[in-house]
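Engineer: Sending over query.cif (mmCIF, C-alpha atoms and all ligand atoms).
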data_coords
#
loop_
_atom_site.label_atom_id
_atom_site.label_comp_id
_atom_site.auth_asym_id
_atom_site.auth_seq_id
_atom_site.Cartn_x
_atom_site.Cartn_y
_atom_site.Cartn_z
CA MET A 1406 129.31 -97.27 -48.66
CA LEU A 1407 130.41 -96.07 -52.07
CA ASN A 1408 128.52 -92.80 -52.19
CA LYS A 1409 128.61 -89.22 -50.89
CA ASP A 1410 128.32 -90.41 -47.29
CA ILE A 1411 131.48 -92.49 -47.32
CA SER A 1412 133.33 -92.03 -44.01
CA ILE A 1413 136.81 -90.52 -43.77
CA GLU A 1414 138.06 -93.87 -42.45
CA GLN A 1415 136.70 -95.63 -45.51
CA ILE A 1416 138.24 -93.01 -47.79
CA GLU A 1417 141.61 -93.73 -46.19
CA MET A 1418 141.05 -97.47 -46.53
CA TRP A 1419 140.43 -97.08 -50.25
CA LEU A 1420 143.50 -94.88 -50.62
CA ARG A 1421 145.52 -97.74 -49.13
CA GLU A 1422 143.83 -100.40 -51.28
CA THR A 1423 146.13 -102.04 -53.83
CA ASP A 1424 144.07 -105.06 -54.94
CA GLU A 1425 143.23 -104.23 -58.56
CA GLN A 1426 140.09 -106.33 -58.54
CA LYS A 1427 138.72 -104.56 -55.50
CA LEU A 1428 139.61 -101.23 -57.05
CA GLU A 1429 137.36 -102.09 -60.00
CA THR A 1430 134.44 -101.61 -57.61
CA LEU A 1431 135.66 -98.09 -56.86
CA TRP A 1432 136.15 -97.22 -60.54
CA ASP A 1433 132.65 -98.53 -61.34
CA ALA A 1434 131.01 -96.57 -58.54
CA ALA A 1435 132.77 -93.35 -59.58
CA ASN A 1436 132.02 -93.85 -63.26
CA THR A 1437 128.34 -94.56 -62.56
CA LEU A 1438 127.99 -91.46 -60.40
CA ARG A 1439 129.79 -89.38 -63.01
CA LYS A 1440 127.37 -90.53 -65.70
CA GLU A 1441 124.33 -90.00 -63.47
CA HIS A 1442 125.24 -86.49 -62.33
CA VAL A 1443 127.26 -84.85 -65.10
CA GLY A 1444 126.60 -87.16 -68.04
CA ASP A 1445 128.79 -88.40 -70.86
CA GLU A 1446 129.83 -84.98 -72.11
CA VAL A 1447 133.43 -83.98 -71.59
CA HIS A 1448 133.73 -80.20 -71.34
CA LEU A 1449 136.88 -78.59 -72.67
CA ARG A 1450 138.47 -75.57 -71.02
CA GLY A 1451 141.12 -73.75 -73.03
CA LEU A 1452 144.06 -72.99 -70.76
CA ILE A 1453 145.99 -69.74 -71.30
CA GLU A 1454 149.13 -69.44 -69.17
CA ILE A 1455 149.29 -65.65 -69.22
CA SER A 1456 152.37 -65.02 -67.05
CA ASN A 1457 155.07 -66.97 -65.23
CA TYR A 1458 156.20 -64.12 -62.98
CA CYS A 1459 155.59 -64.99 -59.35
CA VAL A 1460 156.23 -63.33 -56.00
CA ARG A 1461 155.74 -66.55 -54.01
CA GLN A 1462 158.17 -69.23 -53.00
CA CYS A 1463 155.93 -72.32 -53.10
CA ALA A 1464 158.21 -75.24 -52.35
CA TYR A 1465 156.78 -77.53 -55.04
CA CYS A 1466 156.64 -75.12 -57.95
CA GLY A 1467 159.10 -74.27 -60.72
CA LEU A 1468 157.70 -70.74 -61.02
CA ALA A 1469 158.87 -69.90 -57.47
CA ALA A 1470 160.34 -66.38 -57.31
CA GLY A 1471 163.77 -67.71 -56.34
CA ASN A 1472 164.15 -69.79 -59.50
CA LYS A 1473 166.62 -67.81 -61.54
CA ASN A 1474 166.87 -70.47 -64.26
CA THR A 1475 163.66 -69.52 -65.94
CA THR A 1476 162.89 -66.79 -68.43
CA ARG A 1477 159.95 -64.76 -67.28
CA TYR A 1478 157.18 -63.62 -69.65
CA ARG A 1479 153.83 -61.89 -69.45
CA MET A 1480 151.51 -62.06 -72.45
CA ASN A 1481 149.97 -58.82 -73.68
CA ALA A 1482 146.24 -58.19 -73.87
CA ASP A 1483 145.97 -58.79 -77.62
CA GLU A 1484 147.88 -62.06 -77.40
CA ILE A 1485 145.58 -63.26 -74.64
CA TYR A 1486 142.48 -62.23 -76.54
CA ALA A 1487 143.75 -64.03 -79.66
CA CYS A 1488 144.09 -67.24 -77.61
CA ALA A 1489 140.54 -66.83 -76.35
CA GLU A 1490 139.32 -66.36 -79.92
CA GLU A 1491 141.16 -69.49 -80.96
CA ALA A 1492 139.61 -71.46 -78.08
CA ALA A 1493 136.15 -70.25 -79.13
CA SER A 1494 136.87 -71.23 -82.74
CA TYR A 1495 137.38 -74.84 -81.61
CA GLY A 1496 134.05 -74.76 -79.79
CA TYR A 1497 135.55 -74.68 -76.30
CA GLY A 1498 133.04 -73.15 -73.89
CA THR A 1499 135.51 -71.81 -71.33
CA VAL A 1500 138.90 -70.18 -71.12
CA VAL A 1501 141.03 -70.48 -68.00
CA MET A 1502 143.62 -67.75 -67.50
CA GLN A 1503 146.33 -68.91 -65.15
CA ALA A 1504 149.53 -67.28 -63.90
CA GLY A 1505 152.06 -67.13 -61.13
CA GLU A 1506 151.08 -64.68 -58.39
CA ASP A 1507 152.09 -61.72 -60.50
CA TYR A 1508 151.29 -58.18 -59.37
CA GLY A 1509 152.53 -56.98 -62.75
CA ILE A 1510 149.07 -58.24 -63.73
CA LYS A 1511 147.27 -55.06 -62.79
CA THR A 1512 143.75 -55.40 -61.47
CA ASP A 1513 142.10 -53.14 -64.05
CA TRP A 1514 144.18 -54.46 -66.91
CA LEU A 1515 142.91 -58.00 -66.30
CA ALA A 1516 139.37 -56.71 -65.68
CA ASP A 1517 139.45 -55.12 -69.15
CA ILE A 1518 140.57 -58.39 -70.72
CA VAL A 1519 137.80 -60.28 -68.95
CA LYS A 1520 135.24 -57.70 -70.18
CA ARG A 1521 136.53 -57.86 -73.73
CA ILE A 1522 136.23 -61.65 -73.79
CA LYS A 1523 132.80 -61.68 -72.15
CA GLU A 1524 131.46 -59.01 -74.53
CA ASN A 1525 132.71 -60.56 -77.73
CA LEU A 1526 133.05 -64.31 -77.31
CA PRO A 1527 130.66 -67.04 -76.13
CA LEU A 1528 132.94 -68.11 -73.31
CA ALA A 1529 132.85 -68.66 -69.59
CA VAL A 1530 135.96 -67.13 -67.99
CA THR A 1531 137.91 -68.82 -65.22
CA LEU A 1532 140.78 -67.14 -63.39
CA SER A 1533 143.63 -68.73 -61.47
CA MET A 1534 145.86 -65.87 -60.29
CA GLY A 1535 146.84 -67.08 -56.82
CA GLU A 1536 146.08 -65.26 -53.58
CA ARG A 1537 145.08 -61.85 -54.79
CA PRO A 1538 143.48 -59.30 -52.41
CA PHE A 1539 139.71 -59.50 -51.97
CA ASP A 1540 139.23 -56.21 -53.85
CA ASP A 1541 140.91 -57.68 -56.94
CA LEU A 1542 138.72 -60.76 -56.80
CA LYS A 1543 135.63 -58.54 -56.57
CA THR A 1544 136.73 -56.29 -59.45
CA TRP A 1545 137.26 -59.33 -61.71
CA ARG A 1546 133.94 -60.84 -60.68
CA ASP A 1547 132.22 -57.53 -61.46
CA ALA A 1548 134.00 -57.51 -64.83
CA GLY A 1549 132.30 -60.81 -65.63
CA ALA A 1550 134.67 -63.56 -64.50
CA ASP A 1551 132.62 -66.69 -63.80
CA ARG A 1552 134.98 -69.00 -61.95
CA TYR A 1553 138.17 -69.04 -59.88
CA LEU A 1554 140.62 -71.86 -59.22
CA LEU A 1555 142.75 -71.91 -56.08
CA ARG A 1556 144.00 -75.25 -54.81
CA PHE A 1557 144.39 -75.41 -51.03
CA GLU A 1558 147.26 -77.87 -51.72
CA THR A 1559 146.94 -79.69 -48.36
CA SER A 1560 144.60 -79.65 -45.37
CA ASP A 1561 147.53 -80.30 -42.99
CA SER A 1562 148.24 -76.79 -41.72
CA HIS A 1563 151.79 -77.63 -40.65
CA LEU A 1564 152.67 -79.11 -44.04
CA TYR A 1565 150.98 -76.14 -45.70
CA LYS A 1566 153.22 -73.67 -43.86
CA LEU A 1567 156.28 -75.59 -44.97
CA ILE A 1568 155.37 -75.82 -48.64
CA HIS A 1569 153.68 -72.47 -48.97
CA PRO A 1570 155.50 -69.75 -47.02
CA PRO A 1571 153.61 -66.48 -46.61
CA LEU A 1572 154.86 -63.19 -48.00
CA PRO A 1573 156.73 -61.10 -45.42
CA LYS A 1574 154.39 -59.72 -42.74
CA GLN A 1575 151.35 -61.45 -44.18
CA THR A 1576 149.36 -64.52 -43.32
CA THR A 1577 148.22 -66.95 -45.94
CA ASP A 1578 144.85 -68.63 -45.64
CA ARG A 1579 143.56 -70.16 -48.82
CA PHE A 1580 140.41 -71.42 -47.06
CA GLU A 1581 139.44 -67.86 -46.21
CA ILE A 1582 139.95 -66.85 -49.84
CA LEU A 1583 137.91 -69.83 -51.07
CA HIS A 1584 135.08 -68.82 -48.77
CA HIS A 1585 135.26 -65.27 -50.07
CA LEU A 1586 135.20 -66.47 -53.68
CA GLN A 1587 132.04 -68.44 -52.94
CA GLU A 1588 130.46 -65.37 -51.39
CA LEU A 1589 131.29 -63.31 -54.46
CA GLY A 1590 129.34 -65.83 -56.52
CA TYR A 1591 132.27 -67.37 -58.34
CA GLU A 1592 132.05 -71.03 -59.19
CA THR A 1593 134.92 -72.05 -56.98
CA GLY A 1594 137.54 -74.67 -57.62
CA SER A 1595 140.25 -76.16 -55.50
CA GLY A 1596 142.39 -79.24 -55.27
CA VAL A 1597 145.61 -80.83 -54.09
CA MET A 1598 148.69 -82.57 -55.42
CA ILE A 1599 148.99 -86.27 -54.76
CA GLY A 1600 152.15 -87.67 -53.20
CA ILE A 1601 153.82 -84.47 -52.12
CA PRO A 1602 156.57 -85.26 -49.58
CA SER A 1603 155.14 -85.70 -46.05
CA GLN A 1604 151.57 -86.08 -47.29
CA THR A 1605 150.09 -89.03 -45.38
CA PHE A 1606 147.08 -91.18 -46.18
CA THR A 1607 145.23 -89.56 -43.28
CA THR A 1608 146.00 -86.08 -44.63
CA LEU A 1609 144.85 -87.02 -48.12
CA ALA A 1610 141.62 -88.55 -46.79
CA ASN A 1611 141.05 -85.26 -44.96
CA ASP A 1612 141.73 -83.32 -48.16
CA ILE A 1613 138.99 -85.30 -49.91
CA ASP A 1614 136.62 -84.75 -47.00
CA THR A 1615 137.41 -81.03 -47.24
CA PHE A 1616 136.25 -80.98 -50.90
CA ARG A 1617 132.97 -82.40 -49.62
CA ARG A 1618 132.62 -79.93 -46.73
CA TYR A 1619 133.21 -76.95 -49.00
CA ASP A 1620 130.95 -78.38 -51.70
CA MET A 1621 133.56 -77.36 -54.27
CA ASP A 1622 132.25 -76.72 -57.78
CA MET A 1623 135.51 -77.81 -59.42
CA ILE A 1624 138.24 -80.06 -58.10
CA GLY A 1625 141.63 -80.56 -59.75
CA VAL A 1626 143.91 -83.31 -58.48
CA GLY A 1627 147.11 -84.53 -60.06
CA PRO A 1628 150.31 -86.29 -59.08
CA TYR A 1629 153.13 -84.28 -57.57
CA ILE A 1630 155.92 -84.18 -60.16
CA ALA A 1631 159.29 -83.30 -58.65
CA ASN A 1632 160.86 -80.23 -60.20
CA PRO A 1633 164.64 -80.09 -59.66
CA GLN A 1634 164.42 -76.28 -59.86
CA SER A 1635 161.92 -76.02 -56.99
CA PRO A 1636 162.78 -75.16 -53.36
CA LEU A 1637 161.46 -78.54 -52.19
CA GLU A 1638 163.83 -80.50 -54.40
CA ILE A 1639 166.75 -78.20 -53.67
CA ASP A 1640 166.34 -77.94 -49.89
CA GLY A 1641 164.14 -80.91 -48.93
CA ILE A 1642 161.49 -80.71 -46.24
CA ASP A 1643 161.90 -81.14 -42.51
CA TYR A 1644 158.72 -83.01 -41.58
CA PRO A 1645 159.40 -86.69 -41.02
CA VAL A 1646 156.53 -89.12 -41.59
CA ALA A 1647 156.63 -92.92 -41.41
CA ALA A 1648 157.38 -94.49 -44.79
CA ALA A 1649 154.22 -96.61 -44.49
CA ASP A 1650 152.11 -93.46 -44.18
CA GLN A 1651 153.65 -91.49 -47.05
CA VAL A 1652 151.37 -91.28 -50.09
CA GLU A 1653 153.10 -92.16 -53.36
CA ASN A 1654 152.85 -89.80 -56.30
CA THR A 1655 151.73 -92.55 -58.65
CA GLU A 1656 149.24 -92.85 -61.43
CA MET A 1657 147.19 -95.43 -59.48
CA MET A 1658 146.99 -93.17 -56.43
CA THR A 1659 145.75 -90.37 -58.69
CA TYR A 1660 142.89 -92.51 -60.03
CA LYS A 1661 141.90 -93.42 -56.49
CA VAL A 1662 141.73 -89.75 -55.54
CA VAL A 1663 139.78 -88.83 -58.71
CA ALA A 1664 137.28 -91.63 -58.03
CA LEU A 1665 136.86 -90.83 -54.32
CA THR A 1666 136.46 -87.15 -55.19
CA ARG A 1667 133.62 -88.04 -57.56
CA LEU A 1668 131.96 -90.01 -54.74
CA VAL A 1669 132.04 -87.12 -52.28
CA CYS A 1670 131.27 -84.38 -54.83
CA PRO A 1671 129.05 -86.09 -57.41
CA GLU A 1672 128.08 -82.83 -59.16
CA ALA A 1673 131.53 -81.30 -59.37
CA ASN A 1674 133.47 -80.63 -62.53
CA ILE A 1675 136.60 -82.74 -62.20
CA PRO A 1676 139.39 -82.55 -64.78
CA SER A 1677 141.53 -85.39 -65.96
CA THR A 1678 144.63 -83.27 -65.39
CA THR A 1679 147.71 -82.54 -67.47
CA ALA A 1680 149.88 -83.78 -64.57
CA LEU A 1681 148.16 -87.15 -64.84
CA ALA A 1682 148.62 -87.13 -68.62
CA THR A 1683 152.29 -86.32 -68.00
CA ILE A 1684 152.94 -89.51 -66.02
CA ASN A 1685 150.95 -91.67 -68.45
CA LYS A 1686 151.08 -89.98 -71.82
CA LYS A 1687 149.52 -92.96 -73.54
CA SER A 1688 146.26 -93.33 -71.65
CA GLY A 1689 146.27 -91.19 -68.49
CA ARG A 1690 143.67 -88.75 -69.82
CA GLU A 1691 141.27 -91.52 -70.82
CA LEU A 1692 141.66 -93.48 -67.58
CA GLY A 1693 141.03 -90.33 -65.54
CA LEU A 1694 137.84 -89.73 -67.54
CA SER A 1695 136.77 -93.35 -67.01
CA ARG A 1696 137.28 -93.19 -63.25
CA GLY A 1697 135.33 -90.09 -62.32
CA ALA A 1698 136.59 -87.09 -64.32
CA ASN A 1699 134.48 -85.13 -66.83
CA ILE A 1700 136.69 -82.20 -67.87
CA VAL A 1701 139.85 -81.73 -69.95
CA MET A 1702 141.86 -78.53 -70.12
CA PRO A 1703 143.59 -78.31 -73.51
CA ASN A 1704 146.42 -75.82 -73.57
CA VAL A 1705 145.90 -72.88 -75.92
CA THR A 1706 148.98 -70.94 -74.80
CA PRO A 1707 151.26 -70.06 -77.74
CA VAL A 1708 154.01 -72.71 -77.96
CA GLU A 1709 156.74 -70.05 -77.51
CA TYR A 1710 155.52 -69.37 -73.95
CA ARG A 1711 154.44 -72.85 -72.97
CA SER A 1712 157.84 -74.29 -72.23
CA LYS A 1713 158.52 -71.31 -69.96
CA TYR A 1714 155.48 -72.07 -67.81
CA GLU A 1715 157.37 -74.90 -66.23
CA ILE A 1716 155.58 -75.68 -62.97
CA TYR A 1717 156.99 -79.21 -63.30
CA PRO A 1718 159.17 -80.82 -65.97
CA GLY A 1719 158.11 -82.97 -68.91
CA LYS A 1720 154.60 -81.55 -69.18
CA ALA A 1721 152.38 -83.46 -71.61
CA CYS A 1722 151.61 -81.79 -74.95
CA LEU A 1723 154.40 -79.26 -74.45
CA ASN A 1724 155.20 -78.71 -78.10
CA GLU A 1725 151.83 -79.32 -79.65
CA THR A 1726 149.94 -76.37 -81.05
CA ALA A 1727 146.46 -75.59 -79.78
CA LYS A 1728 145.10 -77.01 -83.04
CA GLN A 1729 146.98 -80.29 -82.58
CA CYS A 1730 145.75 -80.58 -78.98
CA GLN A 1731 142.21 -80.12 -80.12
CA GLY A 1732 142.40 -82.94 -82.66
CA CYS A 1733 144.24 -85.27 -80.30
CA LEU A 1734 141.79 -84.78 -77.43
CA ALA A 1735 138.73 -85.13 -79.64
CA ALA A 1736 140.04 -88.54 -80.77
CA ARG A 1737 140.85 -89.63 -77.21
CA ILE A 1738 137.39 -88.64 -75.96
CA ALA A 1739 135.67 -90.44 -78.84
CA SER A 1740 137.80 -93.55 -78.25
CA ILE A 1741 136.17 -94.10 -74.84
CA GLY A 1742 132.65 -93.52 -76.12
CA ARG A 1743 132.23 -90.05 -74.68
CA THR A 1744 131.15 -86.85 -76.41
CA ILE A 1745 132.42 -83.28 -76.31
CA GLY A 1746 130.19 -80.91 -74.37
CA ASN A 1747 128.84 -77.68 -75.85
CA GLY A 1748 128.40 -74.43 -73.94
CA PRO A 1749 130.03 -73.32 -70.70
CA GLY A 1750 129.62 -76.62 -68.81
CA SER A 1751 128.79 -74.91 -65.54
CA ARG A 1752 128.43 -76.83 -62.31
CA VAL A 1753 125.12 -78.70 -62.17
CA HIS A 1754 122.88 -78.65 -59.10
CA HIS A 1755 120.65 -81.61 -58.42
CA ALA A 1756 118.18 -81.84 -55.62
N1 LIG B 1801 149.72 -69.24 -59.02
C1 LIG B 1801 148.49 -70.00 -59.12
C2 LIG B 1801 148.61 -71.12 -60.15
C3 LIG B 1801 149.59 -72.16 -59.74
S1 LIG B 1801 149.87 -73.49 -60.82
C4 LIG B 1801 148.15 -70.55 -57.76
O1 LIG B 1801 149.02 -70.59 -56.90
O2 LIG B 1801 147.00 -70.92 -57.56
C5 LIG B 1801 148.49 -74.52 -60.54
C6 LIG B 1801 148.71 -75.75 -59.68
O3 LIG B 1801 149.77 -76.56 -60.17
C7 LIG B 1801 149.10 -75.50 -58.25
O4 LIG B 1801 148.01 -75.10 -57.47
C8 LIG B 1801 149.69 -76.84 -57.82
O5 LIG B 1801 148.73 -77.66 -57.18
C9 LIG B 1801 150.11 -77.47 -59.16
N2 LIG B 1801 151.57 -77.74 -59.15
C10 LIG B 1801 152.55 -76.87 -58.83
N3 LIG B 1801 153.76 -77.48 -58.84
C11 LIG B 1801 153.52 -78.78 -59.14
C12 LIG B 1801 154.35 -79.93 -59.27
N4 LIG B 1801 155.67 -79.87 -59.08
N5 LIG B 1801 153.76 -81.10 -59.59
C13 LIG B 1801 152.44 -81.18 -59.79
N6 LIG B 1801 151.60 -80.13 -59.68
C14 LIG B 1801 152.13 -78.94 -59.35
#
Translate this file's structure into structure tokens.
Ligand code: SAH
Structural biologist:
Amino acid sequence: MLNKDISIEQIEMWLRETDEQKLETLWDAANTLRKEHVGDEVHLRGLIEISNYCVRQCAYCGLAAGNKNTTRYRMNADEIYACAEEAASYGYGTVVMQAGEDYGIKTDWLADIVKRIKENLPLAVTLSMGERPFDDLKTWRDAGADRYLLRFETSDSHLYKLIHPPLPKQTTDRFEILHHLQELGYETGSGVMIGIPSQTFTTLANDIDTFRRYDMDMIGVGPYIANPQSPLEIDGIDYPVAAADQVENTEMMTYKVVALTRLVCPEANIPSTTALATINKKSGRELGLSRGANIVMPNVTPVEYRSKYEIYPGKACLNETAKQCQGCLAARIASIGRTIGNGPGSRVHHA
């Protein structure tokens, strides 16, 4: 059954499928559902990486607090606003402000930036600031923020604890935060990395089922890209799984997850991610868009900061200016017969 009601067992079976001809059936089903529910328009979200300071020690991430080999930066309010203006000038309908979990980003300071953007520019505003306290999330929502992205990273709670240690004397429950975001009326986005060490096919099938159970508005999935500066690559992970069960962090696996995600969440906004474009710079973006995705997030961060926001190495489009990214993506989208969406590109709701 290649629709929303696909069983978890079938999801896992498709994740294990390697026959390219059979996979065509999956790509077709995902592409048809994508067209039916969210149409041919590709919505562009301008990404502003506002700070790479981080208090967390996420095992997979190059921004982890313990990484001393990175130069930390935090953009100022005028710089951020200028990026938003630039995004609007290209016709992008949304800006996404993302950062490490940085408490140097003061609650009211960011609220003022959100207000300034909402009052002066025709943009939806998405935030991705990590696990901030509920009061912060409410203040930003009240200031006009429309959406929030927080990947739950894995539905295996043991693996989660290993890759995402809590701050001292605190618990960490991203599902609780996601629920709270939904209650505050944010369009809520989540996602996982594909092929993180000790992620099994069963875990990944559960992750996809979790997107369905939460009825996520936005779902970002991309391959895990090993960062030699991250705790995971330095220290390894003590969670043995059978080699036959370990998910590979490949391009093909990523398309399978994108397509299955479209099946279970037909109305969701699903990006063809930069991580995917990083492992296939030539055609990763286009193939993601052809196998279920409908969103691209062009980077509008000033080039001087971009290389410092090194979650993983070798990021696609690292040295291209926002203007160059815009031209390149417009050509890629046109090349597969799709159009660029106007307006905010909010989540659609069908009966
Ligand atoms: N501090 C914010 C933003 C983190 S970066 C937060 O924690 O939500 C956004 C996403 O990049 C993460 O949620 C993670 O899924 C992804 N990411 C981090 N390290 C990665 C890596 N090495 N390879 C691929 N994706 C990675």
Engineer: What do you get as a PyMOL selection string if you pick all residues at most 7 Å from ligand LIG 1801 (chain B), counting all atoms listed in the file?
Structural biologist: chain A and resi 1465-1467+1503-1506+1533-1536+1554-1556+1558+1596-1598+1627-1632+1680+1716-1717
Engineer: Could you please give me, as a ChimeraX atom specification, the residues of protein, DNA or RNA lying at most 12 Å from (143.8, -84.5, -41.6) in the coordinate frame of the file, considering only C-alpha atoms?
Structural biologist: /A:1413-1414,1416-1417,1559-1565,1604-1615
Engineer: Please return, as a ChimeraX atom specification, all polymer residues that have at least one atom within 8 Å of the point (140.4, -81.6, -64.9); use all atoms listed in the file and the file's own coordinate frame.
Structural biologist: /A:1624-1626,1674-1679,1698-1702
Engineer: CA of Thr1744 in chain A to CA of Glu1446 in chain A: how many Å, to one decimal?
Structural biologist: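 Atom-to-atom, CA of Thr1744 in chain A to CA of Glu1446 in chain A, that is 4.9 Å.
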Engineer: Between A:Asp1622, A:Glu1425, A:Asp1547, A:Glu1491, which one has atoms that come closest to Ala1516 in chain A, using all atoms listed in the file?
Structural biologist: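 Checking each of A:Asp1622, A:Glu1425, A:Asp1547, A:Glu1491 against Ala1516 in chain A, counting all atoms listed in the file, the winner is A:Asp1547.
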Engineer: Which residue is closest to Thr1726 in chain A? Choose from A:Cys1463, A:Ala1435, A:Val1708, A:Val1646 and count all atoms listed in the file.
Structural biologist: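 Among A:Cys1463, A:Ala1435, A:Val1708, A:Val1646, it is A:Val1708 that comes nearest to Thr1726 in chain A.
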Engineer: Would you mind telling me which residue in A:Cys1670, A:Arg1737, A:Leu1567, A:Gly1719 lies nearest to Gly1689 in chain A when using all atoms listed in the file?
Structural biologist: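 Smallest separation from Gly1689 in chain A among the options: A:Arg1737.
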